[in-house]
>>> print(open('start.cif').read())   # mmCIF, C-alpha atoms
data_protein
loop_
_atom_site.group_PDB
_atom_site.id
_atom_site.type_symbol
_atom_site.label_atom_id
_atom_site.label_comp_id
_atom_site.auth_asym_id
_atom_site.auth_seq_id
_atom_site.Cartn_x
_atom_site.Cartn_y
_atom_site.Cartn_z
ATOM 1 C CA MET F 1 -48.164 23.588 30.167
ATOM 2 C CA PHE F 2 -49.948 23.599 26.877
ATOM 3 C CA THR F 3 -48.444 24.384 23.516
ATOM 4 C CA ARG F 4 -50.550 24.865 20.393
ATOM 5 C CA SER F 5 -49.015 24.779 16.921
ATOM 6 C CA LEU F 6 -49.707 27.820 14.735
ATOM 7 C CA GLY F 7 -47.776 26.465 11.774
ATOM 8 C CA PRO F 8 -44.555 24.671 10.891
ATOM 9 C CA SER F 9 -42.284 26.762 13.122
ATOM 10 C CA SER F 10 -44.690 28.788 15.288
ATOM 11 C CA GLU F 11 -46.511 28.001 18.491
ATOM 12 C CA LEU F 12 -48.817 29.477 21.071
ATOM 13 C CA ARG F 13 -48.124 28.929 24.758
ATOM 14 C CA PRO F 14 -48.628 30.682 28.098
ATOM 15 C CA LEU F 15 -46.548 33.798 28.685
ATOM 16 C CA GLU F 16 -45.694 33.712 32.364
ATOM 17 C CA VAL F 17 -43.702 35.639 34.952
ATOM 18 C CA TRP F 18 -40.655 33.408 34.519
ATOM 19 C CA HIS F 19 -40.453 34.658 30.886
ATOM 20 C CA ALA F 20 -39.626 38.213 32.091
ATOM 21 C CA GLU F 21 -36.158 38.412 30.512
ATOM 22 C CA GLU F 22 -37.391 36.937 27.235
ATOM 23 C CA PHE F 23 -40.400 39.299 27.275
ATOM 24 C CA ALA F 24 -38.104 42.296 27.923
ATOM 25 C CA ASP F 25 -35.851 41.255 25.008
ATOM 26 C CA HIS F 26 -38.930 40.921 22.795
ATOM 27 C CA LEU F 27 -40.170 44.371 23.840
ATOM 28 C CA ASP F 28 -36.765 45.818 22.931
ATOM 29 C CA ARG F 29 -37.414 44.595 19.367
ATOM 30 C CA ALA F 30 -41.097 45.539 19.320
ATOM 31 C CA ARG F 31 -41.456 48.595 21.582
ATOM 32 C CA GLU F 32 -41.564 51.456 19.095
ATOM 33 C CA HIS F 33 -43.643 49.423 16.651
ATOM 34 C CA VAL F 34 -46.370 48.495 19.149
ATOM 35 C CA ARG F 35 -46.305 51.595 21.375
ATOM 36 C CA PRO F 36 -48.958 53.545 19.380
ATOM 37 C CA TRP F 37 -51.392 50.613 19.457
ATOM 38 C CA VAL F 38 -51.266 49.224 23.011
ATOM 39 C CA GLY F 39 -51.736 50.705 26.466
ATOM 40 C CA PRO F 40 -48.749 52.526 27.963
ATOM 41 C CA SER F 41 -48.481 50.187 30.964
ATOM 42 C CA PHE F 42 -47.872 47.237 28.628
ATOM 43 C CA VAL F 43 -44.774 48.646 26.908
ATOM 44 C CA THR F 44 -42.079 48.535 29.565
ATOM 45 C CA ASP F 45 -38.389 49.385 29.272
ATOM 46 C CA THR F 46 -36.791 47.048 31.836
ATOM 47 C CA VAL F 47 -36.797 43.432 32.937
ATOM 48 C CA GLU F 48 -38.423 44.573 36.197
ATOM 49 C CA GLY F 49 -41.152 46.335 34.209
ATOM 50 C CA ALA F 50 -41.629 43.248 32.040
ATOM 51 C CA ARG F 51 -41.902 41.123 35.180
ATOM 52 C CA ALA F 52 -44.489 43.525 36.641
ATOM 53 C CA THR F 53 -46.571 43.361 33.440
ATOM 54 C CA LEU F 54 -46.421 39.573 33.407
ATOM 55 C CA ARG F 55 -47.260 39.464 37.134
ATOM 56 C CA ARG F 56 -50.305 41.713 36.583
ATOM 57 C CA TYR F 57 -51.640 39.352 33.914
ATOM 58 C CA ALA F 58 -50.759 36.257 35.974
ATOM 59 C CA ASP F 59 -52.801 37.704 38.837
ATOM 60 C CA GLY F 60 -55.633 38.350 36.379
ATOM 61 C CA ALA F 61 -55.490 34.763 35.109
ATOM 62 C CA ALA F 62 -55.491 33.448 38.700
ATOM 63 C CA ALA F 63 -58.706 35.419 39.243
ATOM 64 C CA ASP F 64 -60.189 34.023 35.991
ATOM 65 C CA GLY F 65 -59.709 37.372 34.293
ATOM 66 C CA ALA F 66 -57.195 38.979 31.934
ATOM 67 C CA ARG F 67 -54.361 36.757 30.692
ATOM 68 C CA LEU F 68 -51.483 36.657 28.181
ATOM 69 C CA VAL F 69 -50.477 33.943 25.733
ATOM 70 C CA GLY F 70 -47.239 34.257 23.779
ATOM 71 C CA ILE F 71 -46.481 33.539 20.147
ATOM 72 C CA TRP F 72 -43.094 31.934 19.526
ATOM 73 C CA ARG F 73 -41.583 31.527 16.070
ATOM 74 C CA SER F 74 -38.564 29.225 15.753
ATOM 75 C CA GLY F 75 -38.225 29.327 19.543
ATOM 76 C CA VAL F 76 -38.216 33.159 19.789
ATOM 77 C CA LEU F 77 -41.011 35.160 21.404
ATOM 78 C CA VAL F 78 -42.374 37.441 18.643
ATOM 79 C CA GLY F 79 -45.701 38.609 20.061
ATOM 80 C CA GLY F 80 -48.859 37.408 21.658
ATOM 81 C CA VAL F 81 -52.562 37.573 22.187
ATOM 82 C CA MET F 82 -54.425 38.365 25.344
ATOM 83 C CA PHE F 83 -57.670 38.680 27.121
ATOM 84 C CA VAL F 84 -57.555 42.387 27.916
ATOM 85 C CA SER F 85 -60.587 41.622 30.042
ATOM 86 C CA PHE F 86 -62.452 38.405 30.764
ATOM 87 C CA SER F 87 -65.618 38.096 32.836
ATOM 88 C CA ALA F 88 -67.273 34.704 33.044
ATOM 89 C CA ALA F 89 -69.991 36.258 35.237
ATOM 90 C CA ALA F 90 -70.888 38.848 32.582
ATOM 91 C CA GLY F 91 -70.190 36.462 29.692
ATOM 92 C CA VAL F 92 -67.979 39.045 27.973
ATOM 93 C CA CYS F 93 -64.305 39.282 27.089
ATOM 94 C CA GLU F 94 -62.045 41.562 25.084
ATOM 95 C CA LEU F 95 -59.197 40.160 23.017
ATOM 96 C CA GLY F 96 -56.061 42.015 22.024
ATOM 97 C CA CYS F 97 -52.718 41.368 20.379
ATOM 98 C CA TRP F 98 -49.249 42.656 19.692
ATOM 99 C CA LEU F 99 -46.524 41.520 17.309
ATOM 100 C CA GLU F 100 -43.031 42.596 16.431
ATOM 101 C CA PRO F 101 -42.482 43.746 12.828
ATOM 102 C CA ALA F 102 -40.393 40.734 11.747
ATOM 103 C CA ALA F 103 -43.354 38.395 12.391
ATOM 104 C CA GLU F 104 -46.063 40.342 10.571
ATOM 105 C CA GLY F 105 -47.856 38.990 7.530
ATOM 106 C CA GLU F 106 -47.738 35.309 8.525
ATOM 107 C CA GLY F 107 -51.253 35.001 9.968
ATOM 108 C CA LEU F 108 -49.904 34.348 13.447
ATOM 109 C CA VAL F 109 -52.178 36.807 15.258
ATOM 110 C CA THR F 110 -55.323 35.595 13.504
ATOM 111 C CA ALA F 111 -54.466 31.954 14.237
ATOM 112 C CA ALA F 112 -53.616 32.699 17.873
ATOM 113 C CA ALA F 113 -56.656 34.912 18.452
ATOM 114 C CA SER F 114 -58.858 32.199 16.940
ATOM 115 C CA VAL F 115 -57.645 29.816 19.650
ATOM 116 C CA LEU F 116 -58.537 32.300 22.405
ATOM 117 C CA LEU F 117 -61.879 33.098 20.799
ATOM 118 C CA ALA F 118 -62.837 29.418 20.557
ATOM 119 C CA TRP F 119 -61.785 28.820 24.158
ATOM 120 C CA ALA F 120 -63.778 31.792 25.478
ATOM 121 C CA LEU F 121 -66.980 31.260 23.498
ATOM 122 C CA ASP F 122 -67.072 27.521 22.885
ATOM 123 C CA GLU F 123 -65.351 26.029 25.936
ATOM 124 C CA ARG F 124 -65.960 28.634 28.642
ATOM 125 C CA GLY F 125 -69.419 29.559 27.370
ATOM 126 C CA LEU F 126 -69.010 33.335 27.192
ATOM 127 C CA HIS F 127 -71.610 35.105 25.082
ATOM 128 C CA ARG F 128 -69.682 38.027 23.594
ATOM 129 C CA ALA F 129 -66.084 38.712 22.555
ATOM 130 C CA GLU F 130 -64.864 42.197 21.690
ATOM 131 C CA TRP F 131 -61.856 43.547 19.824
ATOM 132 C CA ARG F 132 -61.000 47.221 20.253
ATOM 133 C CA CYS F 133 -58.431 49.036 18.177
ATOM 134 C CA ARG F 134 -57.520 52.480 16.995
ATOM 135 C CA ALA F 135 -59.564 53.339 13.909
ATOM 136 C CA ASP F 136 -56.365 53.862 11.907
ATOM 137 C CA ASN F 137 -54.943 50.436 12.855
ATOM 138 C CA LEU F 138 -55.911 48.677 9.636
ATOM 139 C CA ARG F 139 -54.017 45.483 10.462
ATOM 140 C CA SER F 140 -55.852 45.061 13.755
ATOM 141 C CA ALA F 141 -59.237 45.756 12.170
ATOM 142 C CA ALA F 142 -58.434 43.155 9.504
ATOM 143 C CA VAL F 143 -57.817 40.551 12.212
ATOM 144 C CA ALA F 144 -61.192 41.348 13.805
ATOM 145 C CA ARG F 145 -62.845 40.931 10.412
ATOM 146 C CA ARG F 146 -61.091 37.583 9.797
ATOM 147 C CA LEU F 147 -62.291 36.419 13.228
ATOM 148 C CA GLY F 148 -65.860 36.952 12.035
ATOM 149 C CA MET F 149 -66.436 40.055 14.111
ATOM 150 C CA THR F 150 -68.759 42.897 13.201
ATOM 151 C CA LEU F 151 -67.766 46.547 13.495
ATOM 152 C CA GLU F 152 -70.314 47.860 15.982
ATOM 153 C CA GLY F 153 -69.152 51.436 16.188
ATOM 154 C CA THR F 154 -66.421 53.986 16.619
ATOM 155 C CA LEU F 155 -65.744 55.773 19.870
ATOM 156 C CA ARG F 156 -64.579 59.235 18.896
ATOM 157 C CA GLU F 157 -61.291 60.409 20.408
ATOM 158 C CA ALA F 158 -61.391 57.645 23.024
ATOM 159 C CA TRP F 159 -57.741 56.532 22.769
ATOM 160 C CA PRO F 160 -55.123 59.021 24.073
ATOM 161 C CA VAL F 161 -51.555 58.398 22.903
ATOM 162 C CA GLY F 162 -48.795 60.935 23.458
ATOM 163 C CA GLY F 163 -51.182 63.803 24.029
ATOM 164 C CA VAL F 164 -53.215 63.069 20.882
ATOM 165 C CA ARG F 165 -56.668 61.495 20.980
ATOM 166 C CA HIS F 166 -57.557 58.836 18.410
ATOM 167 C CA ASP F 167 -60.855 57.219 17.463
ATOM 168 C CA GLN F 168 -61.341 53.643 18.690
ATOM 169 C CA GLN F 169 -63.289 50.966 16.836
ATOM 170 C CA VAL F 170 -65.346 48.358 18.696
ATOM 171 C CA TRP F 171 -65.683 45.003 16.953
ATOM 172 C CA ALA F 172 -67.578 42.036 18.415
ATOM 173 C CA VAL F 173 -68.805 38.531 17.779
ATOM 174 C CA LEU F 174 -71.476 36.667 19.708
ATOM 175 C CA ALA F 175 -71.409 32.971 20.491
ATOM 176 C CA THR F 176 -74.687 32.684 18.577
ATOM 177 C CA ASP F 177 -73.011 34.225 15.501
ATOM 178 C CA ARG F 178 -70.354 31.499 15.593
ATOM 179 C CA ARG F 179 -72.916 28.723 16.055
ATOM 180 C CA ASP F 180 -75.012 30.093 13.165
ATOM 181 C CA ARG F 181 -71.958 30.182 10.872
ATOM 182 C CA ALA F 182 -70.876 26.689 11.911
ATOM 183 C CA SER F 183 -74.317 25.226 11.192
ATOM 184 C CA ALA F 184 -74.851 27.060 7.879
ATOM 185 C CA PRO F 185 -74.569 24.871 4.763
ATOM 186 C CA ALA F 186 -71.317 25.292 2.834
ATOM 187 C CA GLY F 187 -71.495 28.311 0.550
ATOM 188 C CA ALA F 188 -74.589 29.747 2.251
ATOM 189 C CA PRO F 189 -74.515 33.504 2.886
ATOM 190 C CA THR F 190 -73.967 34.542 6.504
ATOM 191 C CA ALA F 191 -74.921 37.755 8.217
#
>>> encode(input="start.cif", output="structure tokens")
Amino acid sequence: MFTRSLGPSSELRPLEVWHAEEFADHLDRAREHVRPWVGPSFVTDTVEGARATLRRYADGAAADGARLVGIWRSGVLVGGVMFVSFSAAAGVCELGCWLEPAAEGEGLVTAAASVLLAWALDERGLHRAEWRCRADNLRSAAVARRLGMTLEGTLREAWPVGGVRHDQQVWAVLATDRRDRASAPAGAPTA
């Protein structure tokens, strides 16, 4: 399988069903930190639950849909990026991420999400990539901004967590936006 370097000791590679025990161990370190920001079905408490989550995404990837890619630092799974949804027919995908606290602040999510974004828009030819996050998730919004995405709006009280509803931001970038930026002369202002 492929491995993509994200820096001197970090790499991006597929996160597959056979990683269930490693994924469960990672979730033990990350669970309470990521729980407010990701869907409840993602944050499992057992190896069987981890295997079911990985199986769900493996089935999605087999159908050319949702898929997971892990981030390893010094050989330890510390997080990942994903296509929450992926539709070649519609030309639209949604990216997402998660990371355990010990790996924050190293640019790993931005680097990893950039790989997925380039693959979706440049290689697969999708037209639009979205990033959705709770409005109070400043770190996630910062990643969307670094990916060149535009904040298109806020869905009020669209994200229920623990009986409380939170606003959700919708960020997006179009393939044409990326092409325009790539062809702009160095130092030229971009939209």
>>> closest_residue(input="start.cif", among="F:Gly60, F:Gly79, F:Gly162, F:Gly39", to="Glu22 in chain F", atoms="all atoms listed in the file")
F:Gly79
>>> axis_aligned_box(input="start.cif", around="range 165-168 of chain F", padding_each_side="8 Å", output="AutoDock Vina command-line options")
--center_x -59.0 --center_y 57.6 --center_z 19.2 --size_x 20.7 --size_y 23.9 --size_z 19.5
>>> closest_residue(input="start.cif", among="F:Asp136, F:Asp64, F:Asp177, F:Asp45", to="Ala89 in chain F", atoms="only C-alpha atoms")
F:Asp64
>>> atom_distance(input="start.cif", atom1="CA of Arg56 in chain F", atom2="CA of Cys93 in chain F")
17.1 Å
>>> resolve_selection(input="start.cif", expression="the PyMOL selection byres ((chain F and resi 72) around 10)", output="ChimeraX atom specification")
/F:5-6,9-13,15,69-71,73-80,103,108
>>> build_atoms(input="start.cif", residues="range 56-88 of chain F", atoms="N, CA and C atoms", output="mmCIF file, keeping the file's coordinate frame")
data_model
loop_
_atom_site.group_PDB
_atom_site.id
_atom_site.type_symbol
_atom_site.label_atom_id
_atom_site.label_comp_id
_atom_site.auth_asym_id
_atom_site.auth_seq_id
_atom_site.Cartn_x
_atom_site.Cartn_y
_atom_site.Cartn_z
ATOM 1 N N ARG F 56 -48.948 41.148 36.616
ATOM 2 C CA ARG F 56 -50.305 41.713 36.583
ATOM 3 C C ARG F 56 -51.251 40.774 35.822
ATOM 4 N N TYR F 57 -50.800 40.270 34.680
ATOM 5 C CA TYR F 57 -51.640 39.352 33.914
ATOM 6 C C TYR F 57 -51.740 37.980 34.579
ATOM 7 N N ALA F 58 -50.686 37.526 35.241
ATOM 8 C CA ALA F 58 -50.759 36.257 35.974
ATOM 9 C C ALA F 58 -51.785 36.360 37.103
ATOM 10 N N ASP F 59 -51.797 37.493 37.790
ATOM 11 C CA ASP F 59 -52.801 37.704 38.837
ATOM 12 C C ASP F 59 -54.199 37.724 38.238
ATOM 13 N N GLY F 60 -54.338 38.345 37.064
ATOM 14 C CA GLY F 60 -55.633 38.350 36.379
ATOM 15 C C GLY F 60 -56.075 36.939 36.009
ATOM 16 N N ALA F 61 -55.155 36.140 35.484
ATOM 17 C CA ALA F 61 -55.490 34.763 35.109
ATOM 18 C C ALA F 61 -55.876 33.954 36.344
ATOM 19 N N ALA F 62 -55.173 34.168 37.454
ATOM 20 C CA ALA F 62 -55.491 33.448 38.700
ATOM 21 C C ALA F 62 -56.893 33.789 39.195
ATOM 22 N N ALA F 63 -57.364 34.989 38.850
ATOM 23 C CA ALA F 63 -58.706 35.419 39.243
ATOM 24 C C ALA F 63 -59.720 35.149 38.125
ATOM 25 N N ASP F 64 -59.346 34.337 37.149
ATOM 26 C CA ASP F 64 -60.189 34.023 35.991
ATOM 27 C C ASP F 64 -60.538 35.283 35.213
ATOM 28 N N GLY F 65 -59.514 36.124 35.020
ATOM 29 C CA GLY F 65 -59.709 37.372 34.293
ATOM 30 C C GLY F 65 -58.717 37.502 33.157
ATOM 31 N N ALA F 66 -58.144 38.675 33.010
ATOM 32 C CA ALA F 66 -57.195 38.979 31.934
ATOM 33 C C ALA F 66 -56.033 37.990 31.962
ATOM 34 N N ARG F 67 -55.499 37.669 30.765
ATOM 35 C CA ARG F 67 -54.361 36.757 30.692
ATOM 36 C C ARG F 67 -53.623 36.940 29.373
ATOM 37 N N LEU F 68 -52.349 36.553 29.368
ATOM 38 C CA LEU F 68 -51.483 36.657 28.181
ATOM 39 C C LEU F 68 -51.114 35.270 27.675
ATOM 40 N N VAL F 69 -50.975 35.165 26.362
ATOM 41 C CA VAL F 69 -50.477 33.943 25.733
ATOM 42 C C VAL F 69 -49.489 34.394 24.667
ATOM 43 N N GLY F 70 -48.285 33.831 24.701
ATOM 44 C CA GLY F 70 -47.239 34.257 23.779
ATOM 45 C C GLY F 70 -47.238 33.501 22.475
ATOM 46 N N ILE F 71 -46.705 34.156 21.456
ATOM 47 C CA ILE F 71 -46.481 33.539 20.147
ATOM 48 C C ILE F 71 -44.971 33.423 19.964
ATOM 49 N N TRP F 72 -44.502 32.191 19.777
ATOM 50 C CA TRP F 72 -43.094 31.934 19.526
ATOM 51 C C TRP F 72 -42.931 31.443 18.097
ATOM 52 N N ARG F 73 -41.919 31.984 17.414
ATOM 53 C CA ARG F 73 -41.583 31.527 16.070
ATOM 54 C C ARG F 73 -40.141 31.062 16.103
ATOM 55 N N SER F 74 -39.908 29.825 15.714
ATOM 56 C CA SER F 74 -38.564 29.225 15.753
ATOM 57 C C SER F 74 -37.922 29.406 17.125
ATOM 58 N N GLY F 75 -38.730 29.255 18.176
ATOM 59 C CA GLY F 75 -38.225 29.327 19.543
ATOM 60 C C GLY F 75 -38.041 30.724 20.100
ATOM 61 N N VAL F 76 -38.396 31.766 19.346
ATOM 62 C CA VAL F 76 -38.216 33.159 19.789
ATOM 63 C C VAL F 76 -39.580 33.807 19.987
ATOM 64 N N LEU F 77 -39.774 34.437 21.129
ATOM 65 C CA LEU F 77 -41.011 35.160 21.404
ATOM 66 C C LEU F 77 -41.115 36.341 20.441
ATOM 67 N N VAL F 78 -42.211 36.376 19.639
ATOM 68 C CA VAL F 78 -42.374 37.441 18.643
ATOM 69 C C VAL F 78 -43.644 38.265 18.849
ATOM 70 N N GLY F 79 -44.467 37.871 19.815
ATOM 71 C CA GLY F 79 -45.701 38.609 20.061
ATOM 72 C C GLY F 79 -46.635 37.802 20.926
ATOM 73 N N GLY F 80 -47.903 38.155 20.865
ATOM 74 C CA GLY F 80 -48.859 37.408 21.658
ATOM 75 C C GLY F 80 -50.276 37.911 21.477
ATOM 76 N N VAL F 81 -51.160 37.198 22.120
ATOM 77 C CA VAL F 81 -52.562 37.573 22.187
ATOM 78 C C VAL F 81 -52.951 37.567 23.652
ATOM 79 N N MET F 82 -54.047 38.232 23.945
ATOM 80 C CA MET F 82 -54.425 38.365 25.344
ATOM 81 C C MET F 82 -55.918 38.530 25.491
ATOM 82 N N PHE F 83 -56.370 38.226 26.690
ATOM 83 C CA PHE F 83 -57.670 38.680 27.121
ATOM 84 C C PHE F 83 -57.394 39.965 27.876
ATOM 85 N N VAL F 84 -57.700 41.092 27.254
ATOM 86 C CA VAL F 84 -57.555 42.387 27.916
ATOM 87 C C VAL F 84 -58.470 42.400 29.129
ATOM 88 N N SER F 85 -59.652 41.832 28.939
ATOM 89 C CA SER F 85 -60.587 41.622 30.042
ATOM 90 C C SER F 85 -61.310 40.310 29.781
ATOM 91 N N PHE F 86 -61.772 39.693 30.862
ATOM 92 C CA PHE F 86 -62.452 38.405 30.764
ATOM 93 C C PHE F 86 -63.364 38.284 31.966
ATOM 94 N N SER F 87 -64.660 38.227 31.738
ATOM 95 C CA SER F 87 -65.618 38.096 32.836
ATOM 96 C C SER F 87 -66.577 36.954 32.532
ATOM 97 N N ALA F 88 -66.356 35.829 33.202
ATOM 98 C CA ALA F 88 -67.273 34.704 33.044
ATOM 99 C C ALA F 88 -68.651 35.085 33.573
#
